[in-house]
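Engineer: Hey, dropping entry.txt in here, compact mmCIF, C-alpha atoms and all ligand atoms:
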```txt
# COMPACT_ATOMS: atom_id res chain seq x y z
CA MET G 10 -24.96 58.51 48.31
CA LYS G 11 -25.76 60.22 51.59
CA ARG G 12 -28.01 63.27 51.19
CA LEU G 13 -26.69 66.54 52.50
CA PRO G 14 -28.96 68.75 54.61
CA ASP G 15 -30.75 71.12 52.18
CA LYS G 16 -29.07 74.17 53.74
CA ALA G 17 -25.63 73.06 52.52
CA PRO G 18 -24.06 75.82 50.39
CA PRO G 19 -23.86 75.05 46.63
CA ASN G 20 -20.05 74.86 46.65
CA PHE G 21 -19.95 72.28 49.45
CA GLU G 22 -20.10 68.65 48.37
CA VAL G 23 -19.82 65.48 50.45
CA ARG G 24 -18.92 62.19 48.78
CA VAL G 25 -18.81 58.91 50.71
CA VAL G 26 -16.73 56.00 49.43
CA PRO G 27 -16.28 52.54 50.97
CA ASP G 28 -12.70 52.65 52.27
CA LEU G 29 -9.25 54.27 52.17
CA THR G 30 -8.38 52.70 48.79
CA ALA G 31 -11.51 54.16 47.23
CA LEU G 32 -10.78 57.46 48.98
CA ALA G 33 -7.31 57.64 47.42
CA GLU G 34 -8.76 56.83 43.99
CA ALA G 35 -11.47 59.48 44.24
CA ALA G 36 -8.96 62.07 45.46
CA ALA G 37 -6.52 61.20 42.69
CA LYS G 38 -9.27 61.76 40.11
CA GLU G 39 -10.05 65.16 41.69
CA PHE G 40 -6.36 66.07 41.74
CA ALA G 41 -5.89 65.08 38.09
CA SER G 42 -8.99 66.96 36.97
CA ALA G 43 -7.97 70.13 38.80
CA ALA G 44 -4.42 69.81 37.48
CA ARG G 45 -5.61 69.44 33.87
CA ASP G 46 -7.89 72.47 34.20
CA ALA G 47 -5.23 74.67 35.86
CA ILE G 48 -2.47 73.74 33.40
CA ASP G 49 -4.76 74.18 30.37
CA ASN G 50 -5.98 77.57 31.59
CA ARG G 51 -3.03 79.01 33.51
CA GLY G 52 -0.01 76.95 32.52
CA ARG G 53 0.63 75.63 36.02
CA PHE G 54 -1.07 73.82 38.91
CA THR G 55 -0.38 75.09 42.41
CA VAL G 56 -1.26 72.67 45.21
CA ALA G 57 -0.97 72.85 49.00
CA LEU G 58 -0.34 69.40 50.45
CA ALA G 59 -1.71 68.27 53.80
CA GLY G 60 0.22 66.61 56.57
CA GLY G 61 -0.66 63.70 58.79
CA SER G 62 -1.01 60.13 57.56
CA THR G 63 -4.19 60.03 55.44
CA PRO G 64 -2.61 61.71 52.38
CA ARG G 65 -0.07 58.84 52.06
CA ALA G 66 -2.62 56.68 50.24
CA LEU G 67 -3.37 59.47 47.76
CA HIS G 68 0.30 60.23 47.18
CA GLN G 69 1.05 56.57 46.46
CA ARG G 70 -1.95 56.36 44.10
CA LEU G 71 -0.72 59.43 42.16
CA THR G 72 2.68 57.81 41.57
CA ARG G 73 0.99 54.93 39.69
CA GLN G 74 -0.75 54.87 36.31
CA PRO G 75 -2.69 56.53 34.84
CA TYR G 76 -1.87 59.59 36.96
CA ARG G 77 1.91 59.15 36.75
CA LYS G 78 1.72 59.64 33.01
CA GLU G 79 -1.49 61.66 32.69
CA ILE G 80 -0.52 64.64 34.89
CA ASP G 81 2.05 67.10 33.50
CA TRP G 82 4.13 66.96 36.70
CA LYS G 83 6.73 69.47 35.51
CA ARG G 84 3.96 72.11 35.67
CA VAL G 85 2.85 71.20 39.21
CA LEU G 86 4.12 73.46 42.03
CA PHE G 87 4.00 71.97 45.52
CA PHE G 88 3.36 74.00 48.67
CA TRP G 89 2.29 72.92 52.15
CA GLY G 90 -0.76 73.84 54.18
CA ASP G 91 1.17 73.36 57.38
CA GLU G 92 4.36 71.90 58.81
CA ARG G 93 5.72 70.86 62.15
CA CYS G 94 8.70 72.90 63.41
CA VAL G 95 11.15 70.05 62.89
CA PRO G 96 13.95 69.44 60.37
CA PRO G 97 12.88 68.12 56.94
CA THR G 98 14.44 64.75 57.76
CA HIS G 99 12.47 64.33 61.01
CA GLU G 100 9.98 61.47 61.16
CA ARG G 101 7.19 63.96 62.00
CA SER G 102 7.96 66.24 59.05
CA ASN G 103 5.06 66.61 56.59
CA TYR G 104 7.64 67.45 53.95
CA ARG G 105 9.53 64.20 54.57
CA MET G 106 6.30 62.19 54.23
CA ALA G 107 5.51 63.88 50.91
CA ARG G 108 9.07 63.49 49.68
CA GLU G 109 9.07 59.77 50.42
CA THR G 110 5.58 58.98 49.11
CA LEU G 111 5.17 61.43 46.22
CA LEU G 112 8.01 63.78 45.25
CA ASP G 113 10.86 61.28 45.06
CA PRO G 114 8.86 58.51 43.35
CA LEU G 115 7.72 61.05 40.70
CA LYS G 116 11.20 62.62 40.48
CA ILE G 117 9.72 66.11 41.01
CA ALA G 118 12.30 68.81 40.37
CA ASP G 119 13.46 70.78 43.42
CA ALA G 120 12.45 73.97 41.60
CA ASN G 121 8.81 72.83 41.85
CA VAL G 122 8.89 72.19 45.59
CA PHE G 123 8.36 75.02 48.08
CA ARG G 124 9.00 73.58 51.53
CA MET G 125 8.07 75.42 54.71
CA ASP G 126 11.41 76.13 56.40
CA ALA G 127 9.66 75.32 59.66
CA GLU G 128 12.75 74.47 61.66
CA ARG G 129 13.96 78.07 61.31
CA GLU G 130 14.10 79.99 64.61
CA PRO G 131 12.14 81.80 65.79
CA PRO G 132 9.01 80.13 64.36
CA ARG G 133 7.41 83.47 63.52
CA ALA G 134 10.38 84.16 61.23
CA ALA G 135 9.72 80.82 59.55
CA ALA G 136 6.10 81.87 58.97
CA ALA G 137 7.16 85.23 57.55
CA ALA G 138 9.72 83.52 55.33
CA TYR G 139 7.03 81.23 53.92
CA GLU G 140 4.81 84.20 53.18
CA ALA G 141 7.73 85.64 51.20
CA VAL G 142 8.07 82.34 49.31
CA LEU G 143 4.37 82.48 48.45
CA ARG G 144 4.57 86.15 47.41
CA ALA G 145 7.37 85.29 45.00
CA GLN G 146 5.25 82.56 43.37
CA PHE G 147 1.99 84.53 43.44
CA SER G 148 3.34 87.94 42.47
CA ASP G 149 -0.02 88.89 40.95
CA ALA G 150 -1.83 88.29 44.27
CA LYS G 151 -3.86 91.28 45.40
CA ARG G 152 -4.41 90.42 49.07
CA PHE G 153 -4.01 86.65 49.14
CA PRO G 154 -2.54 83.99 46.81
CA ARG G 155 -5.05 81.93 44.86
CA LEU G 156 -3.89 78.34 45.10
CA ASP G 157 -5.52 75.98 42.62
CA PHE G 158 -5.93 73.11 45.05
CA ALA G 159 -5.57 72.47 48.76
CA LEU G 160 -5.66 69.01 50.26
CA MET G 161 -6.85 69.11 53.85
CA GLY G 162 -7.34 66.71 56.70
CA ILE G 163 -9.30 66.96 59.91
CA GLY G 164 -8.31 65.92 63.41
CA SER G 165 -10.66 64.27 65.93
CA ASP G 166 -10.81 67.70 67.63
CA GLY G 167 -11.94 69.33 64.39
CA HIS G 168 -8.60 71.00 63.60
CA THR G 169 -7.42 71.30 60.04
CA ALA G 170 -3.91 72.08 58.83
CA SER G 171 -2.49 73.50 62.06
CA LEU G 172 -5.55 75.60 62.82
CA PHE G 173 -6.43 74.26 66.24
CA PRO G 174 -9.53 74.94 68.38
CA ALA G 175 -9.46 78.28 70.26
CA SER G 176 -6.12 79.18 68.67
CA PRO G 177 -5.26 82.85 68.01
CA ALA G 178 -4.32 81.71 64.50
CA LEU G 179 -8.04 81.37 63.75
CA ALA G 180 -8.43 85.13 64.00
CA GLU G 181 -5.58 85.97 61.62
CA LYS G 182 -6.99 88.00 58.77
CA ARG G 183 -3.89 89.53 57.22
CA LYS G 184 -0.85 87.25 57.37
CA TRP G 185 -0.55 84.37 54.90
CA ALA G 186 1.18 82.05 57.37
CA VAL G 187 1.60 82.05 61.14
CA SER G 188 3.34 79.96 63.78
CA THR G 189 1.21 78.28 66.42
CA PRO G 190 1.63 75.88 69.32
CA ALA G 191 0.12 72.41 68.88
CA PRO G 192 -2.24 71.21 71.65
CA ASP G 193 -0.42 67.87 71.80
CA GLY G 194 2.44 69.79 73.42
CA LYS G 195 4.78 68.58 70.73
CA GLU G 196 6.67 70.89 68.41
CA ARG G 197 5.19 74.18 67.27
CA ARG G 198 3.68 74.43 63.81
CA ILE G 199 3.63 76.76 60.82
CA THR G 200 0.25 76.98 59.11
CA LEU G 201 -1.38 78.83 56.28
CA THR G 202 -4.23 80.99 57.51
CA TYR G 203 -7.95 80.98 56.76
CA PRO G 204 -7.73 83.82 54.21
CA VAL G 205 -5.24 81.80 52.15
CA PHE G 206 -7.18 78.55 52.32
CA ASN G 207 -10.39 80.42 51.57
CA ALA G 208 -8.89 82.01 48.47
CA THR G 209 -8.18 78.54 47.04
CA ARG G 210 -10.03 77.39 43.91
CA ARG G 211 -10.67 73.84 45.10
CA VAL G 212 -10.34 72.47 48.64
CA VAL G 213 -10.55 68.70 49.07
CA PHE G 214 -10.81 67.19 52.54
CA LEU G 215 -9.55 63.63 52.71
CA VAL G 216 -11.06 61.95 55.78
CA SER G 217 -10.77 58.34 56.90
CA GLY G 218 -11.59 56.67 60.18
CA GLN G 219 -14.23 56.43 62.87
CA ASP G 220 -12.38 58.92 65.08
CA LYS G 221 -13.23 61.68 62.60
CA SER G 222 -16.95 60.82 62.38
CA GLY G 223 -17.87 63.19 65.23
CA PRO G 224 -16.39 66.42 63.86
CA VAL G 225 -17.39 65.44 60.31
CA SER G 226 -21.02 65.01 61.30
CA LYS G 227 -21.05 68.17 63.40
CA ILE G 228 -19.70 70.29 60.54
CA VAL G 229 -21.61 68.72 57.66
CA LYS G 230 -24.90 68.84 59.56
CA LYS G 231 -24.04 72.22 61.16
CA GLU G 232 -24.88 70.82 64.57
CA ARG G 233 -24.72 73.04 67.67
CA GLY G 234 -21.17 74.29 68.30
CA TYR G 235 -19.88 73.31 64.86
CA ARG G 236 -18.33 76.74 64.36
CA LYS G 237 -15.93 75.99 67.23
CA LEU G 238 -14.34 73.30 65.03
CA PRO G 239 -11.63 74.99 62.93
CA ALA G 240 -12.33 72.85 59.84
CA SER G 241 -15.73 74.57 59.64
CA GLY G 242 -13.93 77.83 58.90
CA ILE G 243 -12.66 76.54 55.57
CA GLN G 244 -15.11 78.19 53.17
CA PRO G 245 -13.53 78.91 49.77
CA LEU G 246 -15.19 82.19 48.87
CA ARG G 247 -14.77 81.93 45.08
CA GLY G 248 -14.07 78.25 44.97
CA SER G 249 -15.49 74.91 46.00
CA GLN G 250 -14.91 72.29 48.61
CA LEU G 251 -15.35 68.57 48.52
CA TRP G 252 -15.35 66.37 51.61
CA LEU G 253 -14.21 62.90 50.57
CA LEU G 254 -15.09 60.51 53.38
CA ASP G 255 -14.76 56.80 53.83
CA GLU G 256 -17.73 55.02 55.39
CA SER G 257 -16.26 55.04 58.90
CA ALA G 258 -15.68 58.79 58.81
CA ALA G 259 -19.22 59.26 57.47
CA SER G 260 -20.81 56.86 59.94
CA LYS G 261 -22.60 59.61 61.87
CA LEU G 262 -24.06 61.41 58.84
C1 LIG G 301 -0.81 67.77 60.34
C2 LIG G 301 -1.97 67.96 59.43
C3 LIG G 301 -3.25 67.81 60.18
C4 LIG G 301 -3.86 66.51 59.66
C5 LIG G 301 -4.93 66.02 60.58
C6 LIG G 301 -5.37 64.61 60.15
O1 LIG G 301 0.23 68.39 60.12
O2 LIG G 301 -0.96 66.92 61.22
O3 LIG G 301 -1.93 68.92 58.57
O4 LIG G 301 -4.16 68.84 60.04
O5 LIG G 301 -4.39 66.73 58.36
O6 LIG G 301 -4.42 65.98 61.89
O7 LIG G 301 -4.25 63.77 60.29
P1 LIG G 301 -4.33 62.22 59.85
O8 LIG G 301 -4.46 62.21 58.38
O9 LIG G 301 -3.01 61.65 60.33
O10 LIG G 301 -5.52 61.65 60.55
```
Using structure tokens, write down the structure from this file.
Ligand code: 6PG
Structural biologist:
Amino acid sequence: MKRLPDKAPPNFEVRVVPDLTALAEAAAKEFASAARDAIDNRGRFTVALAGGSTPRALHQRLTRQPYRKEIDWKRVLFFWGDERCVPPTHERSNYRMARETLLDPLKIADANVFRMDAEREPPRAAAAAYEAVLRAQFSDAKRFPRLDFALMGIGSDGHTASLFPASPALAEKRKWAVSTPAPDGKERRITLTYPVFNATRRVVFLVSGQDKSGPVSKIVKKERGYRKLPASGIQPLRGSQLWLLDESAASKL
């Protein structure tokens, strides 16, 4: 186990596992444990899924035993941390990836799935509409909803969800979701904002691959300029975060 620098905050844990298979297993255990705790204590488990490709391995692991049977899926409510502004059938849709790898295989009821209507025009209306969806499901929220679990990824530029470097979205302190351009020049995005992610009970970063080792090392070791990397702004105030890394992503620690 790699030692964290002593100054790491108590609610920040890094765990290194050999490869993507081990990463999916470790994340599935975390998901199941958080689900059991939330359902036992609050009768439901609210989770924000991540986009990109890394979560596929976790999704597929959750559809197999023991998690398929162990988790009370009818009490799990699915949200998204971010979405591309494309139709839900588009190959770049985070929703489509989750539907294919997790929701359909587990036969999750539509009533438990809260998709970002990201193809809605204009994008800022899509963001406002998603905030309304969240408000309906977190009607007891004072300022921000308290999700039980958020899965997050990190890009090689240090972005997370669709919070990109130097983006105005990083400064959003009031809205629950905003629309933002993506630096790759592709479709715009809808993303939850820092206040929502930072109100979450448990944030788990799922990181695989050498191309992430730079931003991972910079953030974990708080190297010069790490605050410019948006993933460093994920700091659950009354929660905890776990960075699950495979050895290639952790190779610079
Ligand atoms: C997205 C994601 C994004 C993703 C990272 C890592 O919509 O693309 O939310 O933040 O988590 O880019 O993506 P990979 O898992 O594909 O490396």
Engineer: What is the atom CA of Ser188 of chain G to atom CA of Asp126 of chain G distance in Å?
Structural biologist: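 Answer for the atom CA of Ser188 of chain G to atom CA of Asp126 of chain G separation: 11.6 Å.
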Engineer: Of the candidates G:Val225, G:Val85, G:Ala208, G:Ala259, which shows the shortest atom-to-atom distance to Arg45 of chain G, using only C-alpha atoms?
Structural biologist: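 Ranked by minimum distance to Arg45 of chain G, first place goes to G:Val85.
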Engineer: In the coordinates of the file, take the point (12.6, 69.8, 42.9) and a cut-off of 12 Å; then, counting all atoms listed in the file, name each qualifying protein, DNA or RNA residue as a PyMOL selection string.
Structural biologist: chain G and resi 82-88+108+111-124
Engineer: Could you please extract the residues within 8 Å of ligand LIG 301 (chain G), counting only C-alpha atoms and all ligand atoms, and hand them back as a compact mmCIF listing (two decimals) with C-alpha atoms, in the frame of the given file?
Structural biologist:
```txt
# COMPACT_ATOMS: atom_id res chain seq x y z
CA ALA G 59 -1.71 68.27 53.80
CA GLY G 60 0.22 66.61 56.57
CA GLY G 61 -0.66 63.70 58.79
CA SER G 62 -1.01 60.13 57.56
CA THR G 63 -4.19 60.03 55.44
CA PRO G 64 -2.61 61.71 52.38
CA GLY G 90 -0.76 73.84 54.18
CA ASP G 91 1.17 73.36 57.38
CA GLU G 92 4.36 71.90 58.81
CA ARG G 93 5.72 70.86 62.15
CA ASN G 103 5.06 66.61 56.59
CA MET G 161 -6.85 69.11 53.85
CA GLY G 162 -7.34 66.71 56.70
CA ILE G 163 -9.30 66.96 59.91
CA GLY G 164 -8.31 65.92 63.41
CA SER G 165 -10.66 64.27 65.93
CA HIS G 168 -8.60 71.00 63.60
CA THR G 169 -7.42 71.30 60.04
CA ALA G 170 -3.91 72.08 58.83
CA SER G 171 -2.49 73.50 62.06
CA LEU G 172 -5.55 75.60 62.82
CA ARG G 198 3.68 74.43 63.81
CA LEU G 215 -9.55 63.63 52.71
CA VAL G 216 -11.06 61.95 55.78
CA SER G 217 -10.77 58.34 56.90
CA GLY G 218 -11.59 56.67 60.18
CA LYS G 221 -13.23 61.68 62.60
```
Engineer: Can you tell me, as a PyMOL selection string, what residues are no more than 9 Å from segment 141-150 of chain G when counting all atoms listed in the file, ignoring any on the same chain fewer than 4 positions away?
Structural biologist: chain G and resi 88+123+125+136-137+154-156+185
Engineer: To one decimal place in Å, what is the distance between atom CA of Thr202 of chain G and atom CA of Leu71 of chain G?
Structural biologist: 26.7 Å
Engineer: Could you model all heavy atoms for segment 235-246 of chain G and present them as an mmCIF file, in the frame of the given file?
Structural biologist:
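Listing of rebuild25.cif after writing:
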```
data_model
loop_
_atom_site.group_PDB
_atom_site.id
_atom_site.type_symbol
_atom_site.label_atom_id
_atom_site.label_comp_id
_atom_site.auth_asym_id
_atom_site.auth_seq_id
_atom_site.Cartn_x
_atom_site.Cartn_y
_atom_site.Cartn_z
ATOM 1 N N TYR G 235 -20.784 73.733 65.946
ATOM 2 C CA TYR G 235 -19.880 73.310 64.860
ATOM 3 C C TYR G 235 -18.878 74.403 64.512
ATOM 4 O O TYR G 235 -17.765 74.106 64.068
ATOM 5 C CB TYR G 235 -20.669 72.871 63.633
ATOM 6 C CG TYR G 235 -21.167 73.998 62.750
ATOM 7 C CD1 TYR G 235 -20.462 74.362 61.602
ATOM 8 C CD2 TYR G 235 -22.327 74.708 63.061
ATOM 9 C CE1 TYR G 235 -20.904 75.392 60.795
ATOM 10 C CE2 TYR G 235 -22.780 75.742 62.265
ATOM 11 C CZ TYR G 235 -22.074 76.077 61.120
ATOM 12 O OH TYR G 235 -22.518 77.113 60.313
ATOM 13 N N ARG G 236 -19.253 75.648 64.736
ATOM 14 C CA ARG G 236 -18.330 76.740 64.360
ATOM 15 C C ARG G 236 -17.064 76.752 65.237
ATOM 16 O O ARG G 236 -16.080 77.371 64.911
ATOM 17 C CB ARG G 236 -19.035 78.091 64.474
ATOM 18 C CG ARG G 236 -20.081 78.340 63.410
ATOM 19 C CD ARG G 236 -20.577 79.781 63.487
ATOM 20 N NE ARG G 236 -21.804 79.999 62.726
ATOM 21 C CZ ARG G 236 -21.837 80.121 61.393
ATOM 22 N NH1 ARG G 236 -20.705 80.024 60.717
ATOM 23 N NH2 ARG G 236 -22.966 80.305 60.751
ATOM 24 N N LYS G 237 -17.120 76.049 66.372
ATOM 25 C CA LYS G 237 -15.930 75.990 67.230
ATOM 26 C C LYS G 237 -14.865 75.044 66.654
ATOM 27 O O LYS G 237 -13.727 75.000 67.082
ATOM 28 C CB LYS G 237 -16.295 75.511 68.645
ATOM 29 C CG LYS G 237 -17.117 76.517 69.465
ATOM 30 C CD LYS G 237 -17.090 76.124 70.960
ATOM 31 C CE LYS G 237 -17.789 77.144 71.833
ATOM 32 N NZ LYS G 237 -19.265 77.140 71.582
ATOM 33 N N LEU G 238 -15.276 74.244 65.663
ATOM 34 C CA LEU G 238 -14.340 73.300 65.030
ATOM 35 C C LEU G 238 -13.646 74.017 63.872
ATOM 36 O O LEU G 238 -14.308 74.406 62.890
ATOM 37 C CB LEU G 238 -15.101 72.070 64.527
ATOM 38 C CG LEU G 238 -15.930 71.327 65.579
ATOM 39 C CD1 LEU G 238 -16.590 70.105 64.967
ATOM 40 C CD2 LEU G 238 -15.079 70.935 66.780
ATOM 41 N N PRO G 239 -12.336 74.185 63.947
ATOM 42 C CA PRO G 239 -11.630 74.990 62.930
ATOM 43 C C PRO G 239 -11.885 74.552 61.484
ATOM 44 O O PRO G 239 -11.954 75.401 60.591
ATOM 45 C CB PRO G 239 -10.168 74.817 63.318
ATOM 46 C CG PRO G 239 -10.202 74.626 64.807
ATOM 47 C CD PRO G 239 -11.424 73.793 65.052
ATOM 48 N N ALA G 240 -12.109 73.273 61.238
ATOM 49 C CA ALA G 240 -12.330 72.850 59.840
ATOM 50 C C ALA G 240 -13.577 73.492 59.260
ATOM 51 O O ALA G 240 -13.710 73.644 58.039
ATOM 52 C CB ALA G 240 -12.432 71.324 59.748
ATOM 53 N N SER G 241 -14.496 73.929 60.145
ATOM 54 C CA SER G 241 -15.730 74.570 59.640
ATOM 55 C C SER G 241 -15.440 75.949 59.059
ATOM 56 O O SER G 241 -16.253 76.485 58.306
ATOM 57 C CB SER G 241 -16.757 74.716 60.771
ATOM 58 O OG SER G 241 -16.317 75.714 61.697
ATOM 59 N N GLY G 242 -14.271 76.493 59.390
ATOM 60 C CA GLY G 242 -13.930 77.830 58.900
ATOM 61 C C GLY G 242 -13.334 77.827 57.510
ATOM 62 O O GLY G 242 -13.024 78.877 56.954
ATOM 63 N N ILE G 243 -13.167 76.634 56.956
ATOM 64 C CA ILE G 243 -12.660 76.540 55.570
ATOM 65 C C ILE G 243 -13.874 76.707 54.657
ATOM 66 O O ILE G 243 -14.742 75.832 54.569
ATOM 67 C CB ILE G 243 -11.970 75.182 55.312
ATOM 68 C CG1 ILE G 243 -10.779 75.028 56.253
ATOM 69 C CG2 ILE G 243 -11.559 75.066 53.835
ATOM 70 C CD1 ILE G 243 -9.650 76.036 56.066
ATOM 71 N N GLN G 244 -13.954 77.880 54.027
ATOM 72 C CA GLN G 244 -15.110 78.190 53.170
ATOM 73 C C GLN G 244 -14.578 78.956 51.954
ATOM 74 O O GLN G 244 -14.551 80.187 51.953
ATOM 75 C CB GLN G 244 -16.124 79.052 53.925
ATOM 76 C CG GLN G 244 -16.704 78.338 55.143
ATOM 77 C CD GLN G 244 -17.420 79.292 56.089
ATOM 78 O OE1 GLN G 244 -17.688 80.439 55.763
ATOM 79 N NE2 GLN G 244 -17.707 78.820 57.297
ATOM 80 N N PRO G 245 -14.098 78.224 50.954
ATOM 81 C CA PRO G 245 -13.530 78.910 49.770
ATOM 82 C C PRO G 245 -14.553 79.883 49.195
ATOM 83 O O PRO G 245 -15.626 79.461 48.757
ATOM 84 C CB PRO G 245 -13.211 77.784 48.797
ATOM 85 C CG PRO G 245 -13.390 76.519 49.533
ATOM 86 C CD PRO G 245 -14.141 76.783 50.786
ATOM 87 N N LEU G 246 -14.196 81.159 49.216
ATOM 88 C CA LEU G 246 -15.190 82.190 48.870
ATOM 89 C C LEU G 246 -15.548 82.110 47.385
ATOM 90 O O LEU G 246 -16.694 82.124 46.984
ATOM 91 C CB LEU G 246 -14.629 83.573 49.212
ATOM 92 C CG LEU G 246 -14.047 83.655 50.640
ATOM 93 C CD1 LEU G 246 -13.306 84.958 50.859
ATOM 94 C CD2 LEU G 246 -15.150 83.458 51.682
#
```
